[in-house]
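input_21.cif, holding mmCIF, C-alpha atoms (C1' of nucleotides):
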```
data_start
loop_
_atom_site.label_atom_id
_atom_site.label_comp_id
_atom_site.auth_asym_id
_atom_site.auth_seq_id
_atom_site.Cartn_x
_atom_site.Cartn_y
_atom_site.Cartn_z
CA MET A 3 75.62 -17.63 85.43
CA SER A 4 77.13 -15.06 87.77
CA ILE A 5 80.49 -14.77 89.46
CA GLY A 6 80.93 -12.63 92.56
CA TYR A 7 83.01 -11.78 95.62
CA ALA A 8 82.58 -11.42 99.35
CA CYS A 9 82.15 -8.51 101.76
CA ARG A 10 84.57 -5.82 100.65
CA THR A 11 86.42 -4.34 97.73
CA VAL A 12 90.05 -3.75 96.92
CA GLY A 13 91.04 -0.46 95.35
CA VAL A 14 87.57 1.10 95.26
CA PRO A 15 87.44 4.41 97.15
CA TYR A 16 84.81 5.04 99.83
CA THR A 17 83.68 1.43 100.21
CA ASP A 18 85.24 0.51 103.59
CA LEU A 19 82.96 -0.58 106.40
CA LYS A 20 83.69 0.85 109.85
CA SER A 21 83.23 -0.69 113.24
CA CYS A 22 83.93 -0.03 116.91
CA THR A 23 84.74 -1.92 120.07
CA LEU A 24 82.07 -3.01 122.51
CA LYS A 25 82.89 -0.25 124.97
CA ASN A 26 82.27 2.44 122.34
CA ALA A 27 79.06 0.88 121.08
CA ASN A 28 76.65 3.61 122.18
CA GLY A 29 73.67 4.89 120.24
CA ALA A 30 75.26 8.02 118.83
CA ASN A 31 78.38 6.18 117.67
CA LEU A 32 76.42 3.32 116.17
CA TYR A 33 74.16 5.71 114.29
CA LYS A 34 77.17 7.35 112.66
CA LEU A 35 78.78 4.01 111.83
CA ILE A 36 75.62 2.58 110.28
CA ASP A 37 75.06 5.72 108.26
CA HIS A 38 78.63 5.50 106.99
CA ASN A 39 78.41 1.76 106.29
CA LEU A 40 75.20 2.05 104.29
CA SER A 41 76.82 4.73 102.13
CA ALA A 42 79.81 2.44 101.68
CA LEU A 43 77.50 -0.43 100.71
CA GLU A 44 75.79 1.78 98.17
CA ASN A 45 79.18 2.63 96.70
CA ILE A 46 80.03 -1.08 96.48
CA ILE A 47 76.73 -1.80 94.74
CA ASP A 48 77.40 1.08 92.32
CA TYR A 49 80.85 -0.34 91.61
CA ASN A 50 79.33 -3.79 91.00
CA ILE A 51 76.79 -2.36 88.57
CA ILE A 52 79.42 -0.46 86.59
CA ASN A 53 81.67 -3.51 86.45
CA ASN A 54 78.94 -6.01 85.62
CA VAL A 55 79.35 -7.96 88.87
CA LYS A 56 76.03 -9.71 89.53
CA LEU A 57 76.83 -11.56 92.73
CA PHE A 58 77.95 -10.08 96.04
CA ARG A 59 78.07 -11.09 99.70
CA ILE A 60 77.20 -8.29 102.11
CA GLY A 61 79.54 -8.22 105.12
CA SER A 62 78.01 -9.18 108.46
CA ASP A 63 79.56 -6.10 110.07
CA LEU A 64 77.32 -3.78 108.01
CA ILE A 65 75.45 -3.04 111.24
CA PRO A 66 78.05 -3.16 114.06
CA PHE A 67 76.81 -5.43 116.87
CA GLY A 68 73.71 -5.94 114.74
CA SER A 69 72.58 -9.01 116.65
CA SER A 70 73.58 -7.82 120.11
CA SER A 71 71.42 -6.04 122.65
CA VAL A 72 74.11 -3.35 123.00
CA ASN A 73 72.84 -2.13 119.64
CA ASN A 74 69.31 -1.14 120.61
CA ILE A 75 68.81 1.65 118.10
CA LEU A 76 66.02 1.01 115.59
CA TRP A 77 68.31 0.97 112.57
CA GLY A 78 65.77 -0.77 110.37
CA GLU A 79 63.38 2.14 110.76
CA LEU A 80 65.90 4.95 111.05
CA PHE A 81 67.60 3.99 107.80
CA ALA A 82 64.61 2.50 106.01
CA GLU A 83 64.90 4.83 103.04
CA LYS A 84 68.61 4.30 102.62
CA PHE A 85 68.12 0.52 102.69
CA LEU A 86 65.33 0.64 100.14
CA LYS A 87 67.34 2.86 97.80
CA ILE A 88 70.19 0.35 97.83
CA GLY A 89 67.74 -2.53 97.47
CA GLU A 90 66.23 -0.90 94.41
CA LYS A 91 69.66 -0.69 92.78
CA ILE A 92 70.24 -4.37 93.54
CA LYS A 93 66.93 -5.41 92.04
CA GLU A 94 67.11 -3.12 89.05
CA SER A 95 70.55 -4.38 88.08
CA LYS A 96 69.49 -8.02 88.67
CA MET A 97 72.28 -8.43 91.18
CA ARG A 98 72.06 -11.26 93.69
CA VAL A 99 73.28 -10.59 97.23
CA SER A 100 73.82 -12.88 100.18
CA MET A 101 75.11 -12.87 103.73
CA HIS A 102 77.24 -15.34 105.66
CA PRO A 103 77.45 -15.38 109.46
CA GLY A 104 80.94 -16.38 110.58
CA GLN A 105 82.29 -19.45 112.29
CA TYR A 106 81.06 -18.21 115.67
CA THR A 107 77.37 -18.47 114.85
CA VAL A 108 76.64 -22.01 115.98
CA LEU A 109 73.05 -23.17 115.74
CA ASN A 110 73.72 -26.75 116.83
CA SER A 111 75.50 -25.96 120.10
CA PRO A 112 74.41 -27.90 123.21
CA ASP A 113 74.66 -24.59 125.08
CA GLU A 114 71.27 -22.88 125.17
CA GLY A 115 72.72 -19.39 125.38
CA ILE A 116 74.87 -19.93 122.30
CA VAL A 117 71.87 -21.23 120.36
CA LYS A 118 69.88 -18.20 121.42
CA ARG A 119 72.62 -15.89 120.16
CA ALA A 120 72.85 -17.84 116.92
CA ILE A 121 69.13 -17.39 116.34
CA GLN A 122 69.41 -13.68 117.11
CA ASP A 123 72.28 -13.45 114.65
CA LEU A 124 70.29 -15.19 111.91
CA ASN A 125 67.39 -12.84 112.64
CA TYR A 126 69.75 -9.90 112.23
CA HIS A 127 71.02 -11.14 108.86
CA THR A 128 67.44 -11.72 107.72
CA GLN A 129 66.44 -8.24 108.81
CA VAL A 130 69.19 -6.66 106.69
CA LEU A 131 67.98 -8.48 103.58
CA GLU A 132 64.36 -7.64 104.37
CA CYS A 133 65.22 -3.97 104.85
CA LEU A 134 66.71 -4.05 101.37
CA GLY A 135 63.45 -5.49 100.13
CA VAL A 136 65.10 -8.30 98.16
CA GLY A 137 63.48 -11.71 97.56
CA GLN A 138 64.23 -15.11 99.07
CA GLU A 139 66.74 -16.04 96.37
CA HIS A 140 69.06 -13.66 98.27
CA LYS A 141 70.42 -16.22 100.72
CA ILE A 142 72.02 -16.54 104.14
CA VAL A 143 74.79 -19.14 104.21
CA LEU A 144 75.49 -21.06 107.42
CA HIS A 145 77.82 -23.85 108.49
CA ILE A 146 76.44 -26.72 110.55
CA GLY A 147 78.62 -26.03 113.60
CA GLY A 148 80.41 -28.18 116.16
CA VAL A 149 80.63 -31.97 116.48
CA TYR A 150 80.82 -32.43 120.30
CA ASN A 151 82.17 -35.98 119.99
CA ASP A 152 79.10 -37.27 118.14
CA LYS A 153 78.35 -35.99 114.66
CA LYS A 154 75.04 -37.86 114.36
CA VAL A 155 73.67 -36.35 117.55
CA ALA A 156 75.06 -32.92 116.63
CA SER A 157 73.48 -33.12 113.14
CA GLN A 158 70.16 -34.08 114.67
CA ARG A 159 70.46 -31.14 117.05
CA PHE A 160 70.96 -28.81 114.06
CA ILE A 161 67.69 -30.16 112.64
CA THR A 162 65.88 -29.69 115.95
CA HIS A 163 67.17 -26.14 116.40
CA TYR A 164 66.40 -25.27 112.77
CA HIS A 165 62.73 -25.63 113.64
CA TYR A 166 63.09 -22.85 116.23
CA LEU A 167 63.82 -20.41 113.42
CA ASP A 168 61.29 -17.96 112.08
CA GLU A 169 59.79 -18.71 108.64
CA SER A 170 61.47 -15.57 107.24
CA VAL A 171 64.87 -16.96 108.25
CA LYS A 172 64.19 -20.49 106.98
CA ARG A 173 63.20 -19.13 103.58
CA ARG A 174 66.70 -17.73 103.11
CA LEU A 175 68.86 -20.22 104.95
CA VAL A 176 71.24 -22.41 102.99
CA ILE A 177 73.94 -24.68 104.47
CA GLU A 178 77.54 -25.31 103.46
CA ASN A 179 80.23 -27.95 103.97
CA ASP A 180 83.18 -26.84 106.11
CA ASP A 181 86.89 -27.62 106.16
CA LYS A 182 87.00 -29.49 109.49
CA SER A 183 83.80 -31.21 110.54
CA TYR A 184 80.87 -31.50 108.16
CA THR A 185 81.66 -32.98 104.75
CA ILE A 186 79.44 -32.36 101.75
CA ASP A 187 77.59 -35.64 102.22
CA ASN A 188 76.99 -34.83 105.92
CA VAL A 189 75.53 -31.47 104.91
CA LEU A 190 73.43 -33.00 102.13
CA GLU A 191 71.86 -35.39 104.60
CA ILE A 192 70.75 -32.44 106.74
CA GLY A 193 69.77 -30.36 103.71
CA ILE A 194 67.54 -33.11 102.35
CA ALA A 195 65.95 -33.71 105.76
CA LEU A 196 65.16 -30.00 106.10
CA ASN A 197 64.41 -29.29 102.45
CA THR A 198 67.16 -26.66 102.59
CA PRO A 199 69.53 -25.83 99.69
CA VAL A 200 73.15 -26.96 100.02
CA ILE A 201 76.21 -24.97 98.97
CA PHE A 202 79.19 -26.94 97.73
CA ASP A 203 82.55 -25.37 98.67
CA ASN A 204 85.32 -26.85 96.55
CA LEU A 205 88.28 -26.04 98.82
CA HIS A 206 86.53 -27.23 101.97
CA HIS A 207 85.71 -30.39 100.07
CA ALA A 208 89.30 -30.87 98.91
CA ILE A 209 90.44 -30.69 102.54
CA ASN A 210 87.56 -32.46 104.22
CA ALA A 211 85.91 -35.13 102.07
CA TYR A 212 84.20 -38.32 103.18
CA ASP A 213 85.37 -39.97 100.00
CA LYS A 214 86.95 -38.66 96.85
CA GLU A 215 85.25 -41.08 94.47
CA LYS A 216 83.06 -38.33 93.07
CA SER A 217 84.36 -35.30 91.20
CA ASP A 218 83.46 -31.69 92.06
CA ASP A 219 81.07 -31.80 89.13
CA ASP A 220 79.33 -34.88 90.55
CA TRP A 221 78.82 -33.20 93.92
CA ILE A 222 77.57 -30.00 92.32
CA LYS A 223 74.98 -32.05 90.44
CA VAL A 224 73.87 -33.77 93.66
CA CYS A 225 73.60 -30.41 95.47
CA LYS A 226 71.64 -28.96 92.56
CA LYS A 227 68.67 -31.15 93.52
CA THR A 228 68.37 -29.28 96.84
CA TRP A 229 67.78 -25.97 95.02
CA GLN A 230 64.19 -25.26 94.10
CA LYS A 231 62.91 -22.64 91.70
CA LYS A 232 61.99 -20.26 94.55
CA ASP A 233 65.60 -20.39 95.81
CA GLY A 234 67.03 -18.97 92.58
CA ASN A 235 70.06 -20.41 90.80
CA GLN A 236 72.19 -22.97 92.57
CA LYS A 237 75.15 -21.35 94.33
CA ILE A 238 78.59 -22.72 95.07
CA HIS A 239 81.70 -21.33 96.76
CA TYR A 240 84.97 -21.48 94.89
CA SER A 241 88.42 -20.80 96.25
CA GLN A 242 92.02 -21.87 95.77
CA GLN A 243 94.69 -22.89 98.27
CA ASP A 244 97.39 -20.31 99.00
CA PRO A 245 100.55 -22.27 98.15
CA LEU A 246 102.59 -20.67 100.93
CA LYS A 247 100.09 -20.67 103.78
CA LYS A 248 98.54 -23.44 105.81
CA ILE A 249 95.96 -25.84 104.40
CA GLY A 250 92.64 -24.10 103.85
CA SER A 251 94.02 -20.55 103.50
CA HIS A 252 92.52 -18.73 100.55
CA SER A 253 94.85 -17.65 97.78
CA HIS A 254 95.67 -13.99 97.27
CA THR A 255 94.25 -14.08 93.76
CA ILE A 256 92.37 -16.62 91.67
CA ARG A 257 94.86 -18.30 89.35
CA ILE A 258 93.04 -18.06 86.06
CA ASP A 259 94.30 -21.30 84.47
CA GLU A 260 93.19 -23.31 87.49
CA PHE A 261 89.82 -21.55 87.53
CA ILE A 262 89.16 -22.22 83.84
CA ARG A 263 90.03 -25.88 84.29
CA PHE A 264 87.43 -26.07 87.07
CA TYR A 265 84.90 -24.01 85.15
CA GLU A 266 85.12 -26.15 82.05
CA GLY A 267 84.65 -29.31 84.11
CA ILE A 268 81.26 -28.29 85.51
CA GLU A 269 77.80 -27.44 84.22
CA THR A 270 77.61 -23.64 84.60
CA GLU A 271 74.37 -22.86 82.79
CA LYS A 272 72.33 -22.01 85.91
CA LEU A 273 75.04 -21.75 88.52
CA ASP A 274 76.29 -18.82 90.60
CA ILE A 275 79.91 -18.91 91.77
CA MET A 276 80.97 -17.00 94.87
CA LEU A 277 84.73 -16.53 94.96
CA GLU A 278 86.50 -16.49 98.32
CA VAL A 279 89.81 -14.79 97.72
CA LYS A 280 91.92 -12.02 99.22
CA ASP A 281 91.87 -9.70 96.23
CA LYS A 282 88.04 -9.82 96.16
CA ASN A 283 86.56 -7.83 93.24
CA LEU A 284 89.83 -8.00 91.31
CA SER A 285 89.52 -11.76 90.94
CA ALA A 286 85.78 -11.52 90.33
CA VAL A 287 86.31 -9.13 87.42
CA LYS A 288 89.14 -11.35 86.17
CA CYS A 289 86.95 -14.48 86.13
CA ILE A 290 84.00 -12.60 84.65
CA ASN A 291 86.19 -11.28 81.84
CA ALA A 292 87.66 -14.73 81.25
CA THR A 293 84.24 -16.36 80.88
CA ASN A 294 82.48 -13.47 79.15
CA LYS A 295 80.84 -14.14 75.81
CA ASP A 296 81.30 -10.49 74.91
CA LYS A 297 84.97 -10.44 73.91
CA LYS A 298 86.09 -6.84 73.50
CA ILE A 299 89.72 -5.73 73.70
CA GLN A 300 88.50 -2.52 75.41
CA THR A 301 87.65 -4.62 78.46
CA LEU A 302 91.28 -5.71 78.74
CA GLU A 303 92.56 -2.22 78.02
CA MET A 304 90.57 -0.90 80.96
CA GLU A 305 91.93 -3.65 83.18
CA TRP A 306 95.43 -2.88 81.99
CA GLY A 307 95.00 0.73 83.02
CA LYS A 308 94.40 -0.40 86.60
CA TYR A 309 97.19 -2.98 86.80
CA LYS A 310 99.91 -1.35 84.72
CA TYR A 311 101.88 0.50 87.39
CA THR A 312 101.88 -2.51 89.70
CA VAL A 313 103.17 -4.62 86.81
CA LEU A 314 105.76 -1.97 86.01
CA GLU A 315 107.20 -2.01 89.52
CA SER A 316 107.22 -5.82 89.67
CA SER A 317 108.43 -6.66 86.22
CA PRO A 318 109.23 -4.19 83.43
CA SER A 319 109.68 -7.09 81.00
CA ASP A 320 106.14 -8.36 81.62
CA TYR A 321 104.97 -4.76 81.24
CA LEU A 322 106.37 -4.64 77.72
CA GLU A 323 105.04 -8.11 76.97
CA ILE A 324 101.48 -7.14 77.95
CA ARG A 325 101.60 -3.94 75.90
CA LYS A 326 102.59 -6.04 72.92
CA LEU A 327 99.79 -8.50 73.65
CA LEU A 328 97.19 -5.73 73.47
CA THR A 329 98.27 -4.26 70.12
CA ASN A 330 95.97 -6.39 67.96
CA LYS A 331 92.62 -4.67 68.49
CA SER A 332 90.52 -7.47 67.01
CA ASP A 333 91.93 -10.04 69.43
CA TYR A 334 90.81 -10.93 73.00
CA PRO A 335 93.79 -12.65 74.63
CA VAL A 336 92.20 -12.69 78.07
CA ILE A 337 93.93 -15.78 79.47
CA SER A 338 97.44 -14.78 78.36
CA PHE A 339 96.76 -11.29 79.67
CA TYR A 340 95.89 -12.43 83.19
CA ASN A 341 98.61 -15.06 83.19
CA LEU A 342 101.17 -12.36 82.51
CA ILE A 343 99.74 -10.15 85.25
CA GLU A 344 99.77 -13.04 87.75
CA SER A 345 103.34 -13.90 86.82
CA ALA A 346 104.46 -10.26 87.10
CA LEU A 347 102.82 -9.74 90.49
CA GLN A 348 104.55 -12.81 91.92
CA LYS A 349 107.94 -11.29 91.25
CA GLU A 350 109.84 -9.46 93.95
CA CYS A 351 110.02 -5.71 93.29
CA THR A 352 113.62 -4.52 93.12
CA ALA A 353 114.41 -1.10 94.58
CA ARG A 354 115.24 0.14 91.11
CA ASN A 355 111.91 -0.95 89.61
CA THR A 356 110.01 0.42 92.60
CA ILE A 357 111.56 3.85 92.13
CA ASN A 358 111.04 3.71 88.38
CA ALA A 359 107.31 3.08 88.82
CA ALA A 360 107.02 5.81 91.47
CA LEU A 361 108.67 8.27 89.09
CA HIS A 362 106.15 7.32 86.40
CA ILE A 363 103.32 8.21 88.78
CA TRP A 364 105.14 11.38 89.80
CA GLY A 365 104.97 12.36 86.12
CA TYR A 366 101.31 13.21 86.66
CA PHE A 367 102.25 15.83 89.25
CA LYS A 368 105.69 17.17 88.47
CA ASN A 369 104.38 20.23 86.62
CA ILE A 370 101.54 21.00 89.01
CA ALA A 371 102.95 20.08 92.43
CA GLU A 372 103.91 22.75 94.96
CA ASP A 373 107.56 22.94 96.05
CA LYS A 374 106.62 21.50 99.42
CA GLU A 375 105.03 18.48 97.73
CA LYS A 376 107.95 18.01 95.40
CA ASN A 377 110.41 18.05 98.30
CA ARG A 378 108.32 15.58 100.24
CA PHE A 379 108.21 13.21 97.28
CA LEU A 380 111.96 13.46 96.60
CA LYS A 381 112.69 12.94 100.27
CA SER A 382 110.53 9.80 100.37
CA ILE A 383 112.46 8.42 97.39
CA GLU A 384 115.79 9.24 99.10
CA ASP A 385 114.67 7.65 102.38
CA TYR A 386 113.52 4.59 100.49
CA LYS A 387 116.90 4.28 98.75
CA GLN A 388 118.61 4.38 102.12
CA GLU A 389 116.11 1.86 103.51
CA LYS A 390 114.91 4.39 106.06
CA THR A 391 111.30 3.95 104.98
CA SER A 392 109.11 1.47 103.14
CA VAL A 393 107.51 1.77 99.71
CA ARG A 394 104.24 2.33 101.61
CA THR A 395 105.34 5.85 102.46
CA ILE A 396 105.98 6.70 98.82
CA LYS A 397 102.67 5.20 97.72
CA ASN A 398 100.60 6.83 100.47
CA ASN A 399 102.18 10.12 99.54
CA LEU A 400 101.37 9.69 95.84
CA TRP A 401 97.84 8.53 96.72
CA LYS A 402 97.18 11.76 98.59
CA MET A 403 98.46 13.71 95.61
CA SER A 404 96.11 11.74 93.34
CA ILE A 405 93.16 12.75 95.48
CA LYS A 406 94.24 16.36 95.82
CA TYR A 407 94.78 16.82 92.08
CA GLN A 408 91.88 14.50 91.17
CA GLN A 409 93.67 12.25 88.71
CA PRO A 410 90.92 9.78 87.71
CA TYR A 411 93.33 7.40 86.00
CA LEU A 412 95.39 7.09 89.18
CA LEU A 413 92.38 6.94 91.51
CA GLY A 414 91.38 3.70 89.79
CA SER A 415 94.88 2.22 89.84
CA TYR A 416 95.71 -0.87 91.89
CA TYR A 417 99.23 0.49 92.32
CA PHE A 418 98.23 1.92 95.69
CA VAL A 419 96.63 -1.21 97.09
CA LEU A 420 98.51 -4.22 95.73
"C1'" DT B 19 94.53 -21.98 128.12
"C1'" DG B 20 95.69 -20.83 123.47
"C1'" DA B 21 95.06 -21.49 118.43
"C1'" DC B 22 92.06 -20.73 114.93
"C1'" DG B 23 90.39 -16.40 111.22
"C1'" DT B 24 89.44 -11.74 110.15
"C1'" DC B 25 90.32 -6.96 109.72
"C1'" DA B 26 89.48 -2.49 111.68
"C1'" DA B 27 90.02 -0.14 116.04
"C1'" DG B 28 92.95 1.26 119.30
"C1'" DA B 29 97.54 1.83 121.17
"C1'" DT B 30 102.14 2.86 120.80
"C1'" DC B 31 106.21 4.17 118.62
"C1'" DC B 32 108.94 7.30 115.62
"C1'" DG B 33 110.82 11.40 113.57
"C1'" DC C 28 101.72 16.22 115.71
"C1'" DG C 29 100.99 13.12 111.82
"C1'" DG C 30 102.09 8.96 110.13
"C1'" DA C 31 103.73 4.20 110.38
"C1'" DT C 32 103.51 -0.08 112.75
"C1'" DC C 33 102.21 -3.23 116.39
"C1'" DT C 34 98.45 -5.20 119.42
"C1'" DT C 35 93.76 -6.02 120.68
"C1'" DG C 36 89.04 -7.23 120.14
"C1'" DA C 37 84.83 -10.36 119.44
"C1'" DC C 38 83.01 -14.65 118.60
"C1'" DG C 39 82.76 -20.63 119.91
"C1'" DT C 40 85.13 -25.00 119.38
"C1'" DC C 41 88.67 -28.11 120.07
"C1'" DA C 42 93.10 -29.96 121.48
#
```
Can you dump the structure from the file as structure tokens?
Amino acid sequence: MSIGYACRTVGVPYTDLKSCTLKNANGANLYKLIDHNLSALENIIDYNIINNVKLFRIGSDLIPFGSSSVNNILWGELFAEKFLKIGEKIKESKMRVSMHPGQYTVLNSPDEGIVKRAIQDLNYHTQVLECLGVGQEHKIVLHIGGVYNDKKVASQRFITHYHYLDESVKRRLVIENDDKSYTIDNVLEIGIALNTPVIFDNLHHAINAYDKEKSDDDWIKVCKKTWQKKDGNQKIHYSQQDPLKKIGSHSHTIRIDEFIRFYEGIETEKLDIMLEVKDKNLSAVKCINATNKDKKIQTLEMEWGKYKYTVLESSPSDYLEIRKLLTNKSDYPVISFYNLIESALQKECTARNTINAALHIWGYFKNIAEDKEKNRFLKSIEDYKQEKTSVRTIKNNLWKMSIKYQQPYLLGSYYFVL
DNA sequence: TGACGTCAAGATCCG
DNA sequence: CGGATCTTGACGTCA
């Protein structure tokens, strides 16, 4: 059983993917971007290995304009070694990766040109995974596409167009229910016809279900039958509704109580769970720690080190509460721990608490900072008090100091990104 | 024709 | 001039 996250990290230095606009997409630029992005991907994979994350979705923008003819450089060959090095790390650590073309890759379109581009896009995604040298259990997830006033005809067209795909693409392709058009039973019908694995997405299903007679667990069991041994473990997507945003919007973080309720209601033995959530790796690590059989307080102490200053600026009372929670070294109060962090992070930061936390961070530098740096920090605090600047300015300033003076504890802190 | 979703690039504004 | 903040881009479907 693995739990993972999609595309990018939060709070992990040197893991951002870069891109460019169409008009700047020339060979020299693209070469630099790809080189940078592959290094970033390697850093993400390294982070995953260190943090015991065994499931990860590689972002489609790894190769900018990867499926477009404007990108005509032979990136597969030019970066072959870099790809293979990353692929080796993935295989060695038994990580499973995947890719997921976006909502604009539509295989079942009645428009020939759009179908052609969709096929090119699927070829591109396949090529990335092949360059890494990873097996066919490393999947490409696709939605069915548009309805065009007749879902039966449109489903049939998906099946017809599927047969245009290269064997290497078909081997990896899996299909998923969406939040507007194709319900899980629609997708299963196509999946069974094509002998293609089906991904169950719980939030899409909650919004767009043919009938709600069956539970999530029931549907997961039905989908399981579409996964064969060669496909690897069954995969599902899991996300939660953001309570403040419109229907279908992913939550900022995975609420741990709600996740555990879901987790305990399904058969997880041979199941991989891809989380779709704004805070990415933070929620993945949270859910991994909450379901881990290896219950060590050190795991929570490390997590606390990353969250503590964010908690301090949101809620000093929760800060004290969590410290108390972690005093018994033989305990593993993982659920209470994350509940307290979630509750703290929901609270509005008062100006007083914001400044208090900033001064705590400043404590790392006050004896080593140059006068110029000290003045800049004090000025940012003054400006903030007078509402002339946002807390961003203070944090960006302190972040630069953390890099300059190489404070490892601060470089891993979520204070700068949450 | 614009909303939808996503997030970095690119543009512009500010001190 | 550097940094913060706002706007655009790139894609296809649907109302």
With the PyMOL selection byres ((chain B and resi 20) around 12) as the selection, what would be picked from this file? Answer as a ChimeraX atom specification, please. /B:19,21-22 /C:41-42
Writer output for current selection, C-alpha atoms (C1' of nucleotides), as a tab-separated table (two decimals), in the frame of the given file:
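Here's the written file part22.tsv:
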```tsv
chain	number	residue	atom	x	y	z
B	19	DT	C1'	94.53	-21.98	128.12
B	21	DA	C1'	95.06	-21.49	118.43
B	22	DC	C1'	92.06	-20.73	114.93
C	41	DC	C1'	88.67	-28.11	120.07
C	42	DA	C1'	93.10	-29.96	121.48
```
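Distances from A:Leu24, A:Leu134, A:Cys289, A:Leu322 to chain C were compared using all atoms listed in the file, and the smallest one belongs to A:Leu24.
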Select all residues from chain C having any atom no more than 12 Å from an atom of chain A (counting all atoms listed in the file, ignoring ligands), output as an MDAnalysis selection string. chainID C and resid 30:32 35:41
Please identify every residue of chain A that has at least one atom no more than 12 Å from any atom of chain B, counting all atoms listed in the file, and report them as a PyMOL selection string. chain A and resi 9-10+18-26+61-63+66+104-106+182+248+250-252+280+390-391
Take the residues from that selection and put them in a file with C-alpha atoms, as a PDB file, keeping the file's coordinate frame.
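What landed in out_8.pdb:
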```pdb
ATOM      1  CA  CYS A   9      82.150  -8.510 101.760  1.00  0.00           C
ATOM      2  CA  ARG A  10      84.570  -5.820 100.650  1.00  0.00           C
ATOM      3  CA  ASP A  18      85.240   0.510 103.590  1.00  0.00           C
ATOM      4  CA  LEU A  19      82.960  -0.580 106.400  1.00  0.00           C
ATOM      5  CA  LYS A  20      83.690   0.850 109.850  1.00  0.00           C
ATOM      6  CA  SER A  21      83.230  -0.690 113.240  1.00  0.00           C
ATOM      7  CA  CYS A  22      83.930  -0.030 116.910  1.00  0.00           C
ATOM      8  CA  THR A  23      84.740  -1.920 120.070  1.00  0.00           C
ATOM      9  CA  LEU A  24      82.070  -3.010 122.510  1.00  0.00           C
ATOM     10  CA  LYS A  25      82.890  -0.250 124.970  1.00  0.00           C
ATOM     11  CA  ASN A  26      82.270   2.440 122.340  1.00  0.00           C
ATOM     12  CA  GLY A  61      79.540  -8.220 105.120  1.00  0.00           C
ATOM     13  CA  SER A  62      78.010  -9.180 108.460  1.00  0.00           C
ATOM     14  CA  ASP A  63      79.560  -6.100 110.070  1.00  0.00           C
ATOM     15  CA  PRO A  66      78.050  -3.160 114.060  1.00  0.00           C
ATOM     16  CA  GLY A 104      80.940 -16.380 110.580  1.00  0.00           C
ATOM     17  CA  GLN A 105      82.290 -19.450 112.290  1.00  0.00           C
ATOM     18  CA  TYR A 106      81.060 -18.210 115.670  1.00  0.00           C
ATOM     19  CA  LYS A 182      87.000 -29.490 109.490  1.00  0.00           C
ATOM     20  CA  LYS A 248      98.540 -23.440 105.810  1.00  0.00           C
ATOM     21  CA  GLY A 250      92.640 -24.100 103.850  1.00  0.00           C
ATOM     22  CA  SER A 251      94.020 -20.550 103.500  1.00  0.00           C
ATOM     23  CA  HIS A 252      92.520 -18.730 100.550  1.00  0.00           C
ATOM     24  CA  LYS A 280      91.920 -12.020  99.220  1.00  0.00           C
ATOM     25  CA  LYS A 390     114.910   4.390 106.060  1.00  0.00           C
ATOM     26  CA  THR A 391     111.300   3.950 104.980  1.00  0.00           C
TER      27      THR A 391
END
```
Return as a count of residues only the set of residues that the PyMOL selection byres ((chain A and resi 232) around 10) yields on the displayed structure. 10
